[in-house]
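Q: One structure follows; several queries about it will come next.
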Amino acid sequence: MSKKHPGGESLPSTPSTATDRSPDREVPAATPAPDAAPAPDPKRWWALAVIALAQLMVILDGTIVNIALPSAQHALGMSDADRQWVITAYTLAFGGLLLLGGRIADLVGRKRTFVIGLAGFAAASALGGAAAGPGMLFAARALQGAFAAVLAPSALSLLTTTFTDPKERARAFGVYGALAGGGSAVGLIVGGLLTEYLNWRWSLYVNVPIALAALLGAPAFLRDPSGRRGGHLDVPGALLGCGGLVALVYGFSEAEPRGWTSPSVLTLLVAGVILLVAFVWWQSRAASPLLPLRIVKDRVRAGSLATMGLATIGMFGVFLFLTYYLQVVLGYPPVRTGLAFVPISAGIVIGATQIAARLLPRTAPRTLMSSGMVLAAVGMVLLSSLTVDAQYVPHVLPALLLLGLGMGLTFMPVYATATAGVPAQDAGVASAVLNTVQQMGASLGTVLLNTIATGATSRYVHSHVHDPGHGGTTLDEGMVHGFSVAYWCSAGVLLLAALVAGLTVRHKTPKPAGNDAPA
């Protein structure tokens, strides 16, 4: 049965159709081919701008607060043991709820979830900027992470459905990836500028105008052709997984003030392990699991995920400790501190795009991963030798370059290997699992290494408090000593990651299987 051409546009004349035109013969209406691609959205590049704003905001918030943390700690009277919660509350909520956020986007609709995530993130940022005490700031950061877990999956899904042409999609994901790669460095610099020339609260307030700009553009430029796609929320799985991770992280944070053998600490750690075991058990039986276990049963993929988790555990203490070392010990202003971190971001970009991307087609992924982790471990060892009198160029810069190159060599093949061979229907879940592992590694690494550093600092200060040879430098020396101990632990974790990659990841370079095309 013939159909009228959509939109009523006139079709170009051809010789065959011209001869068929007669008063008593109707010209057949043109029908699109059954498999024709849908017309591209004329507002798709504006939609990319809206999505990019949201992505930039989420990425910025992972690092922008780091530079402001010493000022916030002083203003709000935080203890050294509690300061890590400013970072951990965000990464823990973000990573713990990321899989659930993807399910919510399926159930509620991508565009609606995107708007909810934006509005919630802006409100949580305003709450954090107005924090009157540490507890209020920690709660606001946790809310930011929760809304980011809703926002990030919907933004990625909208990007995928907005750009259907392969070439345009590649360009769009190039912009998206560039924001992910460079956003952390931009966050460190912007955090320094805001803290030095305004105050630390603006590192949170800055999210509000960004979110408002994206909210204004979302109704006009975003569209969700699939609307609600259905699904079920795995609430028990979310409670078990998040509860287990929170118990572990809180147990590690309480180990320094209470002691590792404290009954409350041991109870938290055991409860965390039990809840995570129960989470795995439930995922094997749930109708719509947050984490389909088939994703992690493959040895190579599990090894890649473990390598990523260990790498982020060993890595994230660097930002926290070096921020305090540069600002408190060496006396750097916030802007100079932010600029001091640029080499590590540059090293990651160079290592991933100029070295790993060129070597991966003819080099085994595990070779790149293990080499990168060893290189990063060497950088950690160099940082462990810092003193109160060290200088940036000869002592800090080489370590940051090694860390950046090592991480770049590792991250690129990990992404390629962890998502290779995944069926198309599981591609989104596999990518979400990888992101979750990153965030959880950041949470556990920050709290565990901070506990180790503050404990070592306390022991050093107590043992030298009556030493007349140290005088007023005891506290700075104790802080540097604590950082040194944590750096050695980080080096050990990175070497363990190198070993895991070497033992579990395949020899050959992974190739996409079938139609799998994870974002």
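Letters for chains follow the order of the structure tokens (A, B, ...), residue numbers begin at 1 for each chain, and ligand numbers begin at 1 in the order shown.
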Give the alpha helix (DSSP H) residues of range 186-370 of chain A, as DSSP finds them on the backbone, and put them as a ChimeraX atom specification.

A: /A:186-197,202-205,207-221,235-258,263-283,294-297,299-324,334-340,342-349,357-359,365-370

Q: Which is closer to Gly372 in chain A than all the others in A:Trp202, A:Phe341, A:Phe411, A:Tyr324, using only C-alpha atoms?

A: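 Going through A:Trp202, A:Phe341, A:Phe411, A:Tyr324 one by one, the smallest distance to Gly372 in chain A is for A:Phe411.
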
Q: My list of candidates is A:Pro413, A:Gly244, A:Gly109, A:Gly120. Which is closest to Thr363 in chain A when distances are computed with only C-alpha atoms?

A: A:Pro413

Q: What's the 12 Å shell around Val318 in chain A, counting only C-alpha atoms, without same-chain residues fewer than 2 positions away, as a ChimeraX atom specification?

A: /A:63,66,311-316,320-326,341,344,376-377,379-381,383-384,396,399-400,403-404,442,445-446,449-450,453,483-484,486-491

Q: Those selected residues, please, written with N, CA and C atoms and delivered as a tab-separated table (two decimals), in the first residue's frame.

A:
chain	number	residue	atom	x	y	z
A	63	THR	N	38.42	16.58	40.31
A	63	THR	CA	39.73	17.10	40.71
A	63	THR	C	39.71	18.54	41.20
A	66	ASN	N	40.32	19.15	44.85
A	66	ASN	CA	41.61	18.76	45.44
A	66	ASN	C	42.45	19.97	45.81
A	311	ALA	N	45.39	0.00	39.75
A	311	ALA	CA	46.06	1.21	39.27
A	311	ALA	C	45.46	2.46	39.90
A	312	THR	N	44.13	2.53	39.99
A	312	THR	CA	43.51	3.71	40.59
A	312	THR	C	43.69	3.73	42.10
A	313	ILE	N	43.74	2.57	42.74
A	313	ILE	CA	44.04	2.54	44.18
A	313	ILE	C	45.41	3.15	44.44
A	314	GLY	N	46.40	2.75	43.64
A	314	GLY	CA	47.75	3.26	43.84
A	314	GLY	C	47.95	4.68	43.38
A	315	MET	N	47.07	5.16	42.49
A	315	MET	CA	47.28	6.45	41.83
A	315	MET	C	46.69	7.62	42.60
A	316	PHE	N	45.49	7.44	43.17
A	316	PHE	CA	44.74	8.59	43.62
A	316	PHE	C	45.31	9.26	44.86
A	320	LEU	N	46.04	13.82	46.34
A	320	LEU	CA	45.78	14.30	47.70
A	320	LEU	C	47.07	14.70	48.40
A	321	PHE	N	48.06	13.83	48.38
A	321	PHE	CA	49.29	14.08	49.14
A	321	PHE	C	50.13	15.19	48.52
A	322	LEU	N	50.24	15.18	47.19
A	322	LEU	CA	51.05	16.23	46.56
A	322	LEU	C	50.40	17.60	46.71
A	323	THR	N	49.07	17.66	46.75
A	323	THR	CA	48.42	18.94	46.99
A	323	THR	C	48.86	19.53	48.32
A	324	TYR	N	48.87	18.70	49.37
A	324	TYR	CA	49.29	19.18	50.69
A	324	TYR	C	50.79	19.43	50.72
A	325	TYR	N	51.55	18.60	50.05
A	325	TYR	CA	53.00	18.80	50.04
A	325	TYR	C	53.36	20.13	49.39
A	326	LEU	N	52.77	20.41	48.24
A	326	LEU	CA	53.11	21.63	47.51
A	326	LEU	C	52.61	22.88	48.24
A	341	PHE	N	50.47	20.17	38.51
A	341	PHE	CA	49.94	18.85	38.17
A	341	PHE	C	49.77	18.64	36.67
A	344	ILE	N	51.49	15.57	34.79
A	344	ILE	CA	50.96	14.21	34.93
A	344	ILE	C	49.82	13.98	33.95
A	376	ALA	N	55.09	3.57	36.44
A	376	ALA	CA	54.42	4.38	37.45
A	376	ALA	C	54.96	4.07	38.85
A	377	ALA	N	55.28	2.81	39.11
A	377	ALA	CA	55.84	2.45	40.42
A	377	ALA	C	57.18	3.13	40.64
A	379	GLY	N	57.99	6.03	39.44
A	379	GLY	CA	57.63	7.40	39.79
A	379	GLY	C	57.24	7.53	41.25
A	380	MET	N	56.51	6.55	41.79
A	380	MET	CA	56.14	6.57	43.20
A	380	MET	C	57.36	6.48	44.10
A	381	VAL	N	58.31	5.65	43.72
A	381	VAL	CA	59.54	5.53	44.51
A	381	VAL	C	60.29	6.85	44.54
A	383	LEU	N	58.92	9.80	44.36
A	383	LEU	CA	58.18	10.68	45.27
A	383	LEU	C	58.45	10.35	46.73
A	384	SER	N	58.72	9.09	47.01
A	384	SER	CA	58.97	8.69	48.40
A	384	SER	C	60.25	9.29	48.96
A	396	VAL	N	60.27	16.68	41.86
A	396	VAL	CA	58.86	16.32	41.69
A	396	VAL	C	58.52	16.07	40.22
A	399	ALA	N	59.11	12.55	38.59
A	399	ALA	CA	58.18	11.55	39.10
A	399	ALA	C	56.80	11.70	38.46
A	400	LEU	N	56.33	12.92	38.30
A	400	LEU	CA	55.01	13.14	37.69
A	400	LEU	C	54.99	12.69	36.23
A	403	LEU	N	54.82	8.92	36.22
A	403	LEU	CA	53.48	8.48	36.60
A	403	LEU	C	52.49	8.67	35.45
A	404	GLY	N	52.54	9.83	34.80
A	404	GLY	CA	51.62	10.09	33.70
A	404	GLY	C	51.82	9.13	32.54
A	442	ALA	N	39.42	4.52	43.24
A	442	ALA	CA	39.74	5.85	43.75
A	442	ALA	C	39.28	6.01	45.20
A	445	GLY	N	41.45	3.61	47.45
A	445	GLY	CA	42.83	4.06	47.48
A	445	GLY	C	43.01	5.33	48.29
A	446	THR	N	42.10	6.28	48.12
A	446	THR	CA	42.22	7.55	48.84
A	446	THR	C	42.12	7.34	50.34
A	449	LEU	N	45.18	4.93	51.71
A	449	LEU	CA	46.48	5.59	51.73
A	449	LEU	C	46.49	6.78	52.68
A	450	ASN	N	45.37	7.48	52.80
A	450	ASN	CA	45.30	8.58	53.77
A	450	ASN	C	45.42	8.06	55.20
A	453	ALA	N	49.07	7.25	55.71
A	453	ALA	CA	49.89	8.46	55.80
A	453	ALA	C	49.69	9.18	57.14
A	483	PHE	N	53.66	10.86	53.98
A	483	PHE	CA	53.46	10.74	52.53
A	483	PHE	C	54.42	9.72	51.94
A	484	SER	N	55.67	9.73	52.41
A	484	SER	CA	56.67	8.79	51.89
A	484	SER	C	56.25	7.34	52.12
A	486	ALA	N	53.20	6.26	52.46
A	486	ALA	CA	52.07	5.99	51.57
A	486	ALA	C	52.53	5.78	50.13
A	487	TYR	N	53.55	6.54	49.69
A	487	TYR	CA	54.06	6.36	48.33
A	487	TYR	C	54.68	4.97	48.15
A	488	TRP	N	55.39	4.50	49.15
A	488	TRP	CA	55.95	3.15	49.06
A	488	TRP	C	54.82	2.11	48.94
A	489	CYS	N	53.75	2.31	49.71
A	489	CYS	CA	52.60	1.39	49.60
A	489	CYS	C	51.97	1.48	48.22
A	490	SER	N	51.87	2.69	47.68
A	490	SER	CA	51.33	2.86	46.33
A	490	SER	C	52.19	2.14	45.30
A	491	ALA	N	53.52	2.24	45.45
A	491	ALA	CA	54.41	1.55	44.53
A	491	ALA	C	54.18	0.05	44.58

Q: Given the choices A:Ala432, A:Ala152, A:Val186, A:Val329, which gets closest to Ser345 in chain A if the distance is worked out from only C-alpha atoms?

A: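 Result for the nearest residue to Ser345 in chain A: A:Val186.
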
Q: Ranking A:Ser154, A:Thr436, A:Thr337, A:Ser125 by minimum distance to Val206 in chain A and counting only C-alpha atoms, which one comes first?

A: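 That would be A:Ser125, the residue with the smallest distance to Val206 in chain A.
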
Q: Between A:Leu266, A:Val50, A:Leu69, A:Val190, which residue has the minimum interatomic distance to Leu159 in chain A, considering only C-alpha atoms?

A: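 Checking each of A:Leu266, A:Val50, A:Leu69, A:Val190 against Leu159 in chain A, counting only C-alpha atoms, the winner is A:Val50.
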
Q: For Leu143 in chain A, which of A:Leu98, A:Val433, A:Ala89, A:Leu293 is the closest residue, counting only C-alpha atoms?

A: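 The answer is A:Ala89, which sits nearest to Leu143 in chain A.
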
Q: Can you tell me how far CA of Val150 in chain A sits from CA of Gly102 in chain A, in Å to one decimal?

A: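 Here the two named atoms are 6.8 Å from each other.
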
Q: What does the distance from CA of Val273 in chain A to CA of Leu248 in chain A come to in Å, to one decimal?

A: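 So the answer is 7.4 Å.
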
Q: Set the distance at 12 Å and use only C-alpha atoms: which residues neighbour Leu222 in chain A once local chain neighbours fewer than 6 positions away are removed? I'd like the list as a list in words.

A: Asp41, Pro42, Lys43, Arg44, Trp45, Trp46, Ala47, Leu48, Ala49, Val50, Ile51, Arg110, Lys111, Arg112, Thr113, Phe114, Val115, Ser154, Ala155, Ser157, Leu158, Leu159, Thr160, Thr161, Thr162, Phe163, Ala214, Leu215 and Leu216 of chain A
